[in-house]
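J.: Sharing a structure here in structure tokens format.
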Amino acid sequence: MKGFVFHGPGHSAWEVVPDPGLKDPTDAIVRVDTVTICGTDLHILKGDVPEVRPGTVLGHEAVGEIVETGADVRTVRPGDRVLVSCITACGRCSYCRKAMYGQCLGGGGWILGHLIDGTQAEYVRVPHADLSVHALPGTLDAKDAVLLADIFPTAYEVGVLNGQVRPGDTVAVVGAGPIGLAAIATARLFAPERIVVVDLAPARLEAARQLGADAVADAREAPEQLIADLTDGLGADVVIEAVGVPESFEMCTRMVRPGGHVANIGVHGRPATLHLEDLWIKNVTITTGLVDTHSTPTLLRMAAAGRLPTSQLVTHTFPLDLMEEAYDVFGRAADTGALKVVLGGEPHDVVALPAA
């Protein structure tokens, strides 16, 4: 088969790799129909995730068909159409028993495209298949479903739930990439008073407006003052960091009000300064986290019912064998306008975001 292989920082290729086979009785082999590219994959290519060894097939999100299962797999069988979760869960360890699947001690957690070969290939081996793939409703299109493998549960769990968004809150989202946009969509489920979005790219700020942001701000134009003006000087109740650079994290800590929450989602490759000299007195809660995907079944039901704007985030599609071109388009989002690129469907032009 072919897969997209990481060969070290700055080096990767779509090339022939060995077919996967069952290794454990809890494994499933999935024929990949649809995949997407994550911002974390770009971090890997830059060398920000040193645990990824050269020779690893990247990718941790997919929709496909079960073609083979191990003897202990009970919840799916060959022929089933499934979502492959970005997180693998053994279901037995102390963390899995608390639904903290991202911290699995039994050979799970974030392993696909990280510690083992991932989904950006024609076939993928999924360990612990019973808890790590989800049967898909027949009404849910693959390009919509694949966004529920990572960005929607990540934005919802690590951003909205960790940030404890409540009705009437002022929510600031710093970063209007795919995760930030998914955070807007899922924060709206809790009826905040307003959502303010900060980014550098005008196209992404416009996308944020169309997905429900009440106000937007250029990151270079004192967004902290806008938040202060909108909240009588108090600051935001919840600030969601969805970029992953020191400057954006430190901006978030300046935007939050006393007693508020900063929910960090971004993948950080460099140290950020924590200004405790300012924060110690403010009763601020700062959370970090790797997604657990415990919310995926709920989000799948909501997407099937048309309650999540998944398709609005897909701007480009490619066939699987144009993986390198898709990475180029996604990696140059400021020039190409890419939000999410999906591979495996028929290619089309950029999709205009409809008004909310």
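Letters for chains follow the order of the structure tokens (A, B, ...), residue numbers begin at 1 for each chain, and ligand numbers begin at 1 in the order shown.
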Near Gly212 of chain A, counting only C-alpha atoms, which residues have an atom at most 12 Å away, once you skip same-chain residues fewer than 6 positions from it, shown as a compact mmCIF listing (two decimals) with N, CA and C atoms, in the first residue's frame?
T.:
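Output saved as around_24.txt:
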```txt
# COMPACT_ATOMS: atom_id res chain seq x y z
N VAL A 171 -16.84 34.66 26.12
CA VAL A 171 -15.84 33.67 25.73
C VAL A 171 -14.93 34.29 24.67
N VAL A 173 -11.85 33.38 22.04
CA VAL A 173 -11.14 32.29 21.38
C VAL A 173 -9.96 32.91 20.63
N ALA A 176 -8.25 31.29 15.09
CA ALA A 176 -9.43 30.92 14.31
C ALA A 176 -9.09 29.91 13.23
N GLY A 180 -10.04 26.37 16.65
CA GLY A 180 -10.71 27.55 17.16
C GLY A 180 -12.12 27.69 16.62
N LEU A 181 -12.32 27.39 15.33
CA LEU A 181 -13.65 27.47 14.75
C LEU A 181 -14.58 26.41 15.35
N ALA A 182 -14.04 25.22 15.59
CA ALA A 182 -14.85 24.18 16.24
C ALA A 182 -15.19 24.59 17.68
N ALA A 183 -14.28 25.33 18.33
CA ALA A 183 -14.56 25.82 19.68
C ALA A 183 -15.70 26.83 19.67
N ILE A 184 -15.75 27.67 18.64
CA ILE A 184 -16.87 28.61 18.50
C ILE A 184 -18.18 27.83 18.40
N ALA A 185 -18.20 26.84 17.50
CA ALA A 185 -19.43 26.09 17.25
C ALA A 185 -19.91 25.36 18.49
N THR A 186 -18.99 24.78 19.26
CA THR A 186 -19.41 24.01 20.42
C THR A 186 -19.64 24.89 21.65
N ALA A 187 -18.96 26.03 21.74
CA ALA A 187 -19.25 26.97 22.82
C ALA A 187 -20.67 27.52 22.69
N ARG A 188 -21.13 27.69 21.47
CA ARG A 188 -22.48 28.23 21.26
C ARG A 188 -23.56 27.31 21.83
N LEU A 189 -23.24 26.03 22.01
CA LEU A 189 -24.22 25.11 22.58
C LEU A 189 -24.59 25.49 24.01
N ALA A 191 -24.90 28.72 25.12
CA ALA A 191 -25.55 30.04 25.15
C ALA A 191 -24.74 31.11 25.87
N PRO A 192 -23.45 31.31 25.52
CA PRO A 192 -22.72 32.43 26.11
C PRO A 192 -23.31 33.77 25.63
N GLU A 193 -23.06 34.81 26.39
CA GLU A 193 -23.55 36.13 25.97
C GLU A 193 -22.87 36.58 24.69
N ARG A 194 -21.56 36.34 24.62
CA ARG A 194 -20.83 36.75 23.42
C ARG A 194 -19.59 35.87 23.25
N ILE A 195 -19.18 35.72 22.00
CA ILE A 195 -17.93 35.03 21.66
C ILE A 195 -17.08 36.00 20.86
N VAL A 196 -15.88 36.25 21.33
CA VAL A 196 -14.94 37.15 20.67
C VAL A 196 -13.77 36.32 20.16
N VAL A 197 -13.40 36.51 18.90
CA VAL A 197 -12.36 35.69 18.28
C VAL A 197 -11.20 36.57 17.83
N LEU A 205 -10.94 35.30 10.36
CA LEU A 205 -11.85 36.09 11.19
C LEU A 205 -13.24 36.14 10.55
N GLU A 206 -13.29 36.22 9.23
CA GLU A 206 -14.58 36.19 8.55
C GLU A 206 -15.26 34.83 8.72
N LEU A 308 -24.23 20.26 14.14
CA LEU A 308 -22.85 20.76 14.13
C LEU A 308 -22.50 21.20 12.71
N PRO A 309 -21.85 22.36 12.56
CA PRO A 309 -21.52 22.87 11.22
C PRO A 309 -20.23 22.28 10.67
N GLN A 312 -18.98 23.18 7.00
CA GLN A 312 -18.56 24.57 6.78
C GLN A 312 -17.06 24.74 6.97
N LEU A 353 -18.09 29.72 2.86
CA LEU A 353 -18.77 29.50 4.14
C LEU A 353 -20.11 30.20 4.13
N PRO A 354 -21.23 29.47 4.30
CA PRO A 354 -22.52 30.13 4.34
C PRO A 354 -22.71 30.93 5.62
N ALA A 355 -23.56 31.92 5.54
CA ALA A 355 -23.83 32.74 6.73
C ALA A 355 -24.52 31.90 7.78
N ALA A 356 -24.20 32.20 9.05
CA ALA A 356 -24.82 31.46 10.16
C ALA A 356 -26.29 31.79 10.26
```
J.: For the structure I just gave you, how does DSSP split segment 262-317 of chain A - specifically, which residues are strand (DSSP E or B)? Reply as a list in words.
T.: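 Taking segment 262-317 of chain A and keeping strand (DSSP E or B) gives Val262, Ala263, Asn264, Thr285, Ile286, Thr287, Val314, Thr315, His316 and Thr317 of chain A.
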J.: Restrict the selected residues to all heavy atoms and save them as a JSON list (two decimals), in the first residue's frame.
T.:
```
[["chain", "number", "residue", "atom", "x", "y", "z"],
["A", 262, "VAL", "N", -8.65, 29.91, 31.73],
["A", 262, "VAL", "CA", -7.89, 29.84, 30.48],
["A", 262, "VAL", "C", -7.76, 28.37, 30.12],
["A", 262, "VAL", "O", -7.18, 27.59, 30.89],
["A", 262, "VAL", "CB", -6.49, 30.47, 30.62],
["A", 262, "VAL", "CG1", -5.69, 30.27, 29.33],
["A", 262, "VAL", "CG2", -6.60, 31.95, 30.96],
["A", 263, "ALA", "N", -8.33, 27.99, 28.98],
["A", 263, "ALA", "CA", -8.28, 26.60, 28.52],
["A", 263, "ALA", "C", -7.32, 26.52, 27.35],
["A", 263, "ALA", "O", -7.63, 27.02, 26.26],
["A", 263, "ALA", "CB", -9.68, 26.12, 28.13],
["A", 264, "ASN", "N", -6.16, 25.92, 27.58],
["A", 264, "ASN", "CA", -5.15, 25.80, 26.52],
["A", 264, "ASN", "C", -5.41, 24.55, 25.69],
["A", 264, "ASN", "O", -5.45, 23.43, 26.21],
["A", 264, "ASN", "CB", -3.76, 25.71, 27.12],
["A", 264, "ASN", "CG", -2.69, 25.65, 26.04],
["A", 264, "ASN", "OD1", -2.24, 26.68, 25.57],
["A", 264, "ASN", "ND2", -2.32, 24.45, 25.61],
["A", 285, "THR", "N", -8.07, 29.91, 36.80],
["A", 285, "THR", "CA", -7.82, 28.49, 36.55],
["A", 285, "THR", "C", -7.27, 28.32, 35.15],
["A", 285, "THR", "O", -7.86, 28.82, 34.18],
["A", 285, "THR", "CB", -9.13, 27.68, 36.68],
["A", 285, "THR", "OG1", -9.64, 27.83, 38.00],
["A", 285, "THR", "CG2", -8.89, 26.20, 36.39],
["A", 286, "ILE", "N", -6.13, 27.64, 35.03],
["A", 286, "ILE", "CA", -5.53, 27.35, 33.73],
["A", 286, "ILE", "C", -5.54, 25.84, 33.54],
["A", 286, "ILE", "O", -5.06, 25.09, 34.40],
["A", 286, "ILE", "CB", -4.08, 27.88, 33.65],
["A", 286, "ILE", "CG1", -4.06, 29.40, 33.80],
["A", 286, "ILE", "CG2", -3.44, 27.47, 32.32],
["A", 286, "ILE", "CD1", -2.67, 30.00, 33.86],
["A", 287, "THR", "N", -6.12, 25.39, 32.44],
["A", 287, "THR", "CA", -6.17, 23.96, 32.15],
["A", 287, "THR", "C", -5.42, 23.67, 30.85],
["A", 287, "THR", "O", -5.39, 24.48, 29.93],
["A", 287, "THR", "CB", -7.61, 23.46, 32.03],
["A", 287, "THR", "OG1", -8.29, 24.20, 31.01],
["A", 287, "THR", "CG2", -8.36, 23.58, 33.33],
["A", 314, "VAL", "N", -14.74, 22.55, 5.89],
["A", 314, "VAL", "CA", -13.99, 21.87, 4.82],
["A", 314, "VAL", "C", -13.90, 22.80, 3.62],
["A", 314, "VAL", "O", -14.90, 23.12, 2.99],
["A", 314, "VAL", "CB", -14.66, 20.54, 4.42],
["A", 314, "VAL", "CG1", -13.87, 19.88, 3.28],
["A", 314, "VAL", "CG2", -14.75, 19.61, 5.63],
["A", 315, "THR", "N", -12.69, 23.24, 3.32],
["A", 315, "THR", "CA", -12.48, 24.16, 2.19],
["A", 315, "THR", "C", -11.86, 23.49, 0.97],
["A", 315, "THR", "O", -11.99, 24.00, -0.13],
["A", 315, "THR", "CB", -11.58, 25.32, 2.62],
["A", 315, "THR", "OG1", -10.37, 24.80, 3.20],
["A", 315, "THR", "CG2", -12.29, 26.22, 3.63],
["A", 316, "HIS", "N", -11.16, 22.38, 1.14],
["A", 316, "HIS", "CA", -10.48, 21.72, 0.02],
["A", 316, "HIS", "C", -10.62, 20.21, 0.17],
["A", 316, "HIS", "O", -10.53, 19.69, 1.30],
["A", 316, "HIS", "CB", -8.98, 22.05, -0.02],
["A", 316, "HIS", "CG", -8.67, 23.50, -0.20],
["A", 316, "HIS", "ND1", -8.85, 24.44, 0.79],
["A", 316, "HIS", "CD2", -8.18, 24.18, -1.28],
["A", 316, "HIS", "CE1", -8.48, 25.63, 0.33],
["A", 316, "HIS", "NE2", -8.07, 25.50, -0.91],
["A", 317, "THR", "N", -10.79, 19.50, -0.94],
["A", 317, "THR", "CA", -10.71, 18.05, -0.93],
["A", 317, "THR", "C", -9.75, 17.58, -2.02],
["A", 317, "THR", "O", -9.57, 18.24, -3.05],
["A", 317, "THR", "CB", -12.09, 17.38, -1.15],
["A", 317, "THR", "OG1", -12.59, 17.75, -2.43],
["A", 317, "THR", "CG2", -13.07, 17.77, -0.07]]
```
J.: Neighbours of Val82 of chain A within 10 Å (only C-alpha atoms; same-chain residues fewer than 2 positions away dropped), as a list of chain:residue names?
T.: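 Non-adjacent residues within range: A:Val30, A:Arg31, A:Val32, A:Asp33, A:Ala62, A:Val63, A:Gly64, A:Glu65, A:Ile66, A:Val76, A:Gly79, A:Asp80, A:Val84, A:Ser85, A:Ser132, A:Val133, A:His134, A:Ala135, A:Leu136, A:Pro137, A:Ala142, A:Ala145, A:Val146.
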J.: Name all residues at most 9 Å from segment 98-100 of chain A (count only C-alpha atoms; drop same-chain ones fewer than 5 positions away) and give them as a ChimeraX atom specification.
T.: /A:89,91,93,109,291-294
J.: Just the residues within 9 Å of Ile281 of chain A, please, counting only C-alpha atoms, with nothing from its chain fewer than 4 positions along; format it as a VMD selection string.
T.: chain A and resid 258 276 to 277
J.: Separation of atom CA of Ala129 of chain A and atom CA of Asp24 of chain A, in Å?
T.: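 Answer for the atom CA of Ala129 of chain A to atom CA of Asp24 of chain A separation: 10.3 Å.
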